[in-house]
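Structure data (TSV, C-alpha atoms) from run_26.tsv:
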```tsv
chain	number	residue	atom	x	y	z
G	12	MET	CA	69.17	83.98	120.10
G	13	ASP	CA	69.93	87.66	120.76
G	14	LYS	CA	67.69	90.50	119.56
G	15	VAL	CA	69.80	91.35	116.51
G	16	ALA	CA	69.94	87.77	115.26
G	17	LEU	CA	66.23	87.39	115.96
G	18	SER	CA	65.31	90.50	113.98
G	19	LEU	CA	67.52	89.33	111.13
G	20	SER	CA	65.75	85.99	111.01
G	21	TYR	CA	62.35	87.72	110.86
G	22	SER	CA	63.54	89.87	107.96
G	23	GLY	CA	63.81	86.78	105.77
G	24	LEU	CA	67.48	87.41	105.00
G	25	GLU	CA	69.09	83.99	105.06
G	26	GLU	CA	72.10	84.49	102.80
G	27	VAL	CA	74.57	87.22	101.85
G	28	THR	CA	77.40	87.33	99.34
G	29	ILE	CA	80.52	89.36	100.05
G	30	ALA	CA	82.61	90.21	96.98
G	31	TYR	CA	86.21	91.39	97.22
G	32	PRO	CA	89.32	91.92	95.05
G	33	SER	CA	92.01	89.25	94.82
G	34	TYR	CA	94.43	91.22	96.99
G	35	PHE	CA	92.08	91.67	99.94
G	36	PRO	CA	93.61	90.29	103.18
G	37	HIS	CA	92.49	86.71	103.71
G	38	ARG	CA	92.96	86.95	107.47
G	39	LEU	CA	90.47	89.83	107.60
G	40	LEU	CA	87.97	87.85	105.54
G	41	SER	CA	88.23	84.83	107.82
G	42	ASP	CA	87.84	87.07	110.90
G	43	ILE	CA	84.71	88.59	109.34
G	44	ARG	CA	83.26	85.15	108.61
G	45	LEU	CA	83.89	83.94	112.17
G	46	GLN	CA	82.28	87.06	113.65
G	47	LEU	CA	79.22	86.70	111.42
G	48	ALA	CA	78.93	83.05	112.47
G	49	GLU	CA	78.85	84.21	116.09
G	50	ASP	CA	76.46	87.12	115.57
G	51	PHE	CA	74.18	85.48	112.97
G	52	PRO	CA	74.56	81.69	113.34
G	53	ASN	CA	71.87	80.86	110.77
G	54	LEU	CA	73.18	83.23	108.09
G	55	ARG	CA	74.78	81.69	105.02
G	56	VAL	CA	77.78	83.75	103.86
G	57	ASN	CA	79.36	83.41	100.42
G	58	LEU	CA	82.82	84.90	99.80
G	59	VAL	CA	83.72	85.53	96.15
G	60	VAL	CA	86.63	87.17	94.32
G	61	ARG	CA	85.56	89.58	91.59
G	62	SER	CA	86.91	92.52	89.62
G	63	ARG	CA	85.82	96.01	90.68
G	64	ASP	CA	83.51	96.36	87.68
G	65	ASP	CA	81.91	93.00	88.44
G	66	ILE	CA	81.46	93.95	92.09
G	67	ARG	CA	79.82	97.22	91.09
G	68	ALA	CA	77.48	95.44	88.66
G	69	GLY	CA	76.70	92.74	91.22
G	70	MET	CA	75.87	95.31	93.87
G	71	GLU	CA	73.51	97.14	91.52
G	72	SER	CA	71.79	93.90	90.45
G	73	GLY	CA	71.44	92.58	93.98
G	74	GLU	CA	73.72	89.59	93.34
G	75	PHE	CA	76.05	90.83	96.09
G	76	GLN	CA	75.03	92.36	99.40
G	77	PHE	CA	78.52	93.61	100.31
G	78	GLY	CA	81.45	94.63	98.16
G	79	PHE	CA	84.96	95.68	99.12
G	80	VAL	CA	86.42	97.84	96.35
G	81	ASN	CA	89.36	100.12	95.64
G	82	ALA	CA	88.17	103.71	96.06
G	83	GLN	CA	90.55	105.14	93.45
G	84	ASN	CA	88.67	106.35	90.36
G	85	LEU	CA	85.51	104.75	91.74
G	86	LYS	CA	82.28	106.21	90.36
G	87	ALA	CA	79.67	106.81	93.03
G	88	ILE	CA	76.73	104.42	93.27
G	89	HIS	CA	74.00	106.65	94.66
G	90	SER	CA	71.74	103.76	95.58
G	91	MET	CA	74.44	102.23	97.78
G	92	ASP	CA	75.92	103.05	101.15
G	93	SER	CA	79.70	103.58	100.90
G	94	THR	CA	81.94	103.34	103.95
G	95	LEU	CA	85.66	104.04	103.79
G	96	ILE	CA	87.31	101.33	105.89
G	97	GLY	CA	90.98	102.24	105.47
G	98	GLY	CA	93.86	101.53	103.13
G	99	ILE	CA	95.88	98.58	101.93
G	100	GLU	CA	99.58	99.22	101.52
G	101	PHE	CA	101.67	97.31	98.98
G	102	ILE	CA	105.42	96.80	99.29
G	103	PRO	CA	107.88	94.81	97.14
G	104	PHE	CA	108.55	91.22	98.21
G	105	VAL	CA	111.18	88.79	96.95
G	106	SER	CA	112.31	85.30	97.86
G	107	LYS	CA	114.63	85.13	100.86
G	108	ASP	CA	117.22	83.61	98.50
G	109	SER	CA	116.92	86.34	95.88
G	110	PRO	CA	120.07	88.35	95.02
G	111	LEU	CA	117.85	91.43	95.39
G	112	THR	CA	117.96	91.00	99.18
G	113	LYS	CA	121.64	92.01	99.02
G	114	CYS	CA	120.96	95.26	97.17
G	115	ALA	CA	121.53	98.60	98.87
G	116	PRO	CA	118.26	100.54	99.26
G	117	ASP	CA	119.46	103.18	96.79
G	118	ASP	CA	120.01	100.51	94.12
G	119	THR	CA	116.94	98.35	94.79
G	120	LEU	CA	114.58	100.20	92.46
G	121	ASN	CA	117.01	99.95	89.53
G	122	GLN	CA	117.37	96.21	90.09
G	123	LEU	CA	113.61	95.70	90.36
G	124	LYS	CA	113.18	97.41	86.99
G	125	LEU	CA	115.49	94.79	85.47
G	126	SER	CA	113.89	91.77	87.16
G	127	ARG	CA	110.78	89.73	86.37
G	128	GLN	CA	107.75	91.18	88.12
G	129	PHE	CA	104.43	89.50	88.82
G	130	VAL	CA	101.48	91.89	88.64
G	131	LEU	CA	98.08	91.08	90.07
G	132	ARG	CA	95.48	91.24	87.31
G	133	SER	CA	93.23	93.24	89.62
G	134	PHE	CA	95.62	96.19	89.25
G	135	VAL	CA	95.18	96.11	85.48
G	136	GLU	CA	91.41	95.71	85.70
G	137	GLU	CA	91.17	98.68	88.05
G	138	GLY	CA	93.30	100.89	85.82
G	139	ILE	CA	96.10	101.38	88.36
G	140	GLU	CA	98.73	99.34	86.54
G	141	ALA	CA	100.75	102.47	85.78
G	142	LYS	CA	101.59	102.69	89.49
G	143	MET	CA	102.11	99.00	90.03
G	144	ILE	CA	104.15	97.96	86.98
G	145	THR	CA	107.79	98.73	87.69
G	146	SER	CA	109.59	96.34	85.36
G	147	ALA	CA	109.28	95.93	81.59
G	148	ARG	CA	109.59	92.19	82.31
G	149	TYR	CA	106.19	91.83	83.94
G	150	GLU	CA	103.65	89.01	83.87
G	151	GLU	CA	100.04	89.13	85.03
G	152	VAL	CA	98.81	86.74	87.72
G	153	ASP	CA	95.14	86.33	88.58
G	154	GLN	CA	95.38	85.05	92.16
G	155	LEU	CA	97.24	86.51	95.13
G	156	ALA	CA	98.10	83.01	96.37
G	157	MET	CA	99.76	82.18	93.04
G	158	ALA	CA	101.76	85.44	93.07
G	159	ILE	CA	102.97	84.64	96.58
G	160	LYS	CA	103.97	81.11	95.55
G	161	LEU	CA	105.90	82.31	92.50
G	162	VAL	CA	107.78	84.88	94.55
G	163	GLN	CA	108.52	82.34	97.28
G	164	GLN	CA	110.05	80.03	94.67
G	165	GLY	CA	112.30	82.77	93.34
G	166	ALA	CA	110.60	83.17	89.97
G	167	GLY	CA	110.39	86.95	90.34
G	168	TRP	CA	109.15	89.70	92.64
G	169	ALA	CA	105.82	91.42	93.27
G	170	TRP	CA	104.07	94.28	95.04
G	171	LEU	CA	102.13	92.43	97.75
G	172	PRO	CA	100.01	93.63	100.68
G	173	LYS	CA	102.14	94.68	103.64
G	174	VAL	CA	99.63	92.93	105.90
G	175	LEU	CA	101.14	89.64	104.75
G	176	THR	CA	103.96	90.29	107.19
G	177	GLU	CA	101.55	89.54	110.05
G	178	SER	CA	101.65	85.84	109.18
G	179	ASP	CA	104.81	83.75	109.40
G	180	TYR	CA	102.99	80.98	107.56
G	181	VAL	CA	101.96	83.10	104.57
G	182	THR	CA	105.30	84.89	104.27
G	183	ASP	CA	107.56	81.89	104.80
G	184	GLY	CA	110.41	82.40	102.35
G	185	LEU	CA	109.40	86.00	101.53
G	186	VAL	CA	111.38	89.15	102.31
G	187	PRO	CA	110.10	92.75	101.97
G	188	LEU	CA	112.53	95.14	100.27
G	189	GLU	CA	113.47	98.66	101.24
G	190	ILE	CA	113.54	101.23	98.43
G	191	ALA	CA	115.36	104.50	99.10
G	192	GLU	CA	113.10	106.46	96.73
G	193	LEU	CA	109.94	105.15	98.40
G	194	LYS	CA	109.43	106.08	102.04
G	195	GLU	CA	106.33	103.92	102.23
G	196	GLY	CA	104.50	101.52	99.94
G	197	TRP	CA	101.69	102.23	97.49
G	198	LYS	CA	98.45	102.75	99.39
G	199	PHE	CA	94.90	102.32	98.11
G	200	GLN	CA	91.80	103.21	100.09
G	201	ILE	CA	89.13	100.52	100.33
G	202	VAL	CA	85.39	101.18	100.42
G	203	LEU	CA	82.70	98.82	101.67
G	204	LEU	CA	79.55	99.01	99.52
G	205	SER	CA	76.18	97.84	100.83
G	206	PRO	CA	72.45	98.53	100.27
G	207	HIS	CA	70.44	100.88	102.50
G	208	THR	CA	68.36	98.24	104.30
G	209	LYS	CA	68.02	97.50	108.01
G	210	PRO	CA	69.01	93.79	107.93
G	211	ILE	CA	72.10	94.62	105.86
G	212	THR	CA	72.97	97.48	108.22
G	213	GLN	CA	72.93	95.07	111.16
G	214	ILE	CA	75.35	92.74	109.41
G	215	LYS	CA	77.48	95.67	108.28
G	216	THR	CA	77.89	96.75	111.91
G	217	SER	CA	79.48	93.39	112.69
G	218	ILE	CA	81.74	93.60	109.64
G	219	LEU	CA	82.97	97.09	110.50
G	220	ALA	CA	83.69	96.06	114.09
G	221	VAL	CA	85.99	93.32	112.77
G	222	VAL	CA	87.68	95.70	110.33
G	223	SER	CA	88.35	98.19	113.13
G	224	LYS	CA	89.83	95.54	115.42
G	225	TYR	CA	91.96	94.13	112.60
G	226	ALA	CA	93.35	97.56	111.75
G	227	GLU	CA	94.21	98.26	115.39
G	228	THR	CA	96.02	94.93	115.74
G	229	PHE	CA	98.06	95.43	112.58
G	230	THR	CA	98.99	98.97	113.58
G	231	LYS	CA	100.29	97.75	116.96
G	232	LEU	CA	102.38	95.05	115.27
G	233	HIS	CA	104.17	97.59	113.09
G	234	LYS	CA	104.78	100.41	115.56
```

Structure encoded using structure tokens:
Amino acid sequence: MDKVALSLSYSGLEEVTIAYPSYFPHRLLSDIRLQLAEDFPNLRVNLVVRSRDDIRAGMESGEFQFGFVNAQNLKAIHSMDSTLIGGIEFIPFVSKDSPLTKCAPDDTLNQLKLSRQFVLRSFVEEGIEAKMITSARYEEVDQLAMAIKLVQQGAGWAWLPKVLTESDYVTDGLVPLEIAELKEGWKFQIVLLSPHTKPITQIKTSILAVVSKYAETFTKLHK
């Protein structure tokens, strides 16, 4: 056992819970879990989806040791360490068989406004629905996986994380749309919350290393 893992075991920290919003990249979460398994083989890691308010409350109560949250309109938690890890960009996706794929970029936005849209409930809970609701015909969906499935089956369209394009498996049947009025997608900065304690800081170092590597890989894919 290396020195870091050994010191962690002596600290008595045997379990951590990482909370995150429904739209957080699953590939990044799995990479984090694999890295923690390598760095801290005896550490139990729970991964849970929660709203931003629930994550904040859980961090303050000690229920969660780490929380990934949208930084927009986030009230500071002075007892917590906050690290800006980067942004998540959302772009419109439709089914590969959708008539919207044949729209000219300068007409896409008008057509999206007339089409059924699936909106992740997290956007509503975080108070950013004004940015994310484009169509009057919108329906809320709790889980990212369900939103993806509905779009794949041609039931409507949705703003989904651009990072989905890194996976042929996840995006099978999905097509991102180009909107003339939007040079890039909607971006939200993500903050990692954690307590100011040495054992947590050691784990956080591993998490941030994975985040940095993930961001570099995604950037190279889309250059």

### Nearest-residue call for Pro103 in chain G, choices G:Pro172, G:Gly69, G:Gly78, G:Pro32, using all atoms listed in the file
G:Pro172

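When only C-alpha atoms are used to compute distances to Thr176 in chain G, the closest of the residues G:Ala68, G:Phe104, G:Ser133, G:Leu54 turns out to be G:Phe104.
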
### range 139-147 of chain G surroundings by only C-alpha atoms, 12 Å radius, close-in-sequence under 4 positions cut, as an MDAnalysis selection string
chainID G and resid 63 81:85 100:103 119:135 151 167:171 196:199

### Query
Mind listing as a PyMOL selection string all residues within 8 Å of (80.7, 83.1, 103.6), counting all atoms listed in the file?
chain G and resi 27-29+44+55-58

For the residues in the current selection, export C-alpha atoms as an mmCIF file, in the coordinates of the input.
```cif
data_model
loop_
_atom_site.group_PDB
_atom_site.id
_atom_site.type_symbol
_atom_site.label_atom_id
_atom_site.label_comp_id
_atom_site.auth_asym_id
_atom_site.auth_seq_id
_atom_site.Cartn_x
_atom_site.Cartn_y
_atom_site.Cartn_z
ATOM 1 C CA VAL G 27 74.570 87.220 101.850
ATOM 2 C CA THR G 28 77.400 87.330 99.340
ATOM 3 C CA ILE G 29 80.520 89.360 100.050
ATOM 4 C CA ARG G 44 83.260 85.150 108.610
ATOM 5 C CA ARG G 55 74.780 81.690 105.020
ATOM 6 C CA VAL G 56 77.780 83.750 103.860
ATOM 7 C CA ASN G 57 79.360 83.410 100.420
ATOM 8 C CA LEU G 58 82.820 84.900 99.800
#
```

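Checking G:Tyr34, G:Ile214, G:Lys224, G:Ile190 one by one against Cys114 in chain G, counting all atoms listed in the file, you find the shortest gap at G:Ile190.
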
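Picture a line from CA of Leu185 in chain G to CA of Leu203 in chain G; it runs 29.6 Å.
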
### Query
What lies within 9 Å of Ile66 in chain G using all atoms listed in the file, ignoring chain neighbours under 2 positions off, as a ChimeraX atom specification?
/G:30-32,60-64,68-71,74-75,77-80

### Summary
A straight line from CA of Ala191 in chain G to CA of Asp117 in chain G spans 4.9 Å

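Proximity to Gly184 in chain G was assessed for G:Ser109, G:Thr94, G:Asn53, G:Ser205 counting all atoms listed in the file; the smallest distance is recorded for G:Ser109.
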
### Message
Using all atoms listed in the file and a cutoff of 12 Å, can you tell me which residues are near (96.2, 80.8, 94.2) in the file's coordinates, and write them out as a PyMOL selection string?
### Response
chain G and resi 33-34+37+60+131+152-161

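The interatomic distance for the pair CA of Glu189 in chain G and CA of Leu175 in chain G works out to 15.7 Å.
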
### Among listed residues G:Glu137, G:Pro187, G:Leu47, G:Ala115, nearest Lys173 in chain G (using all atoms listed in the file)
G:Pro187

#### Entry: Surrounding residues of Leu39 in chain G excluding itself and chain neighbours under 6 positions, 9 Å, all atoms listed in the file, as JSON, numbers by chain
{"G": [221, 222, 225]}

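Using all atoms listed in the file for every distance, the candidate list G:Ser41, G:Ser93, G:Ser223, G:Thr208 yields G:Thr208 as the residue closest to Leu24 in chain G.
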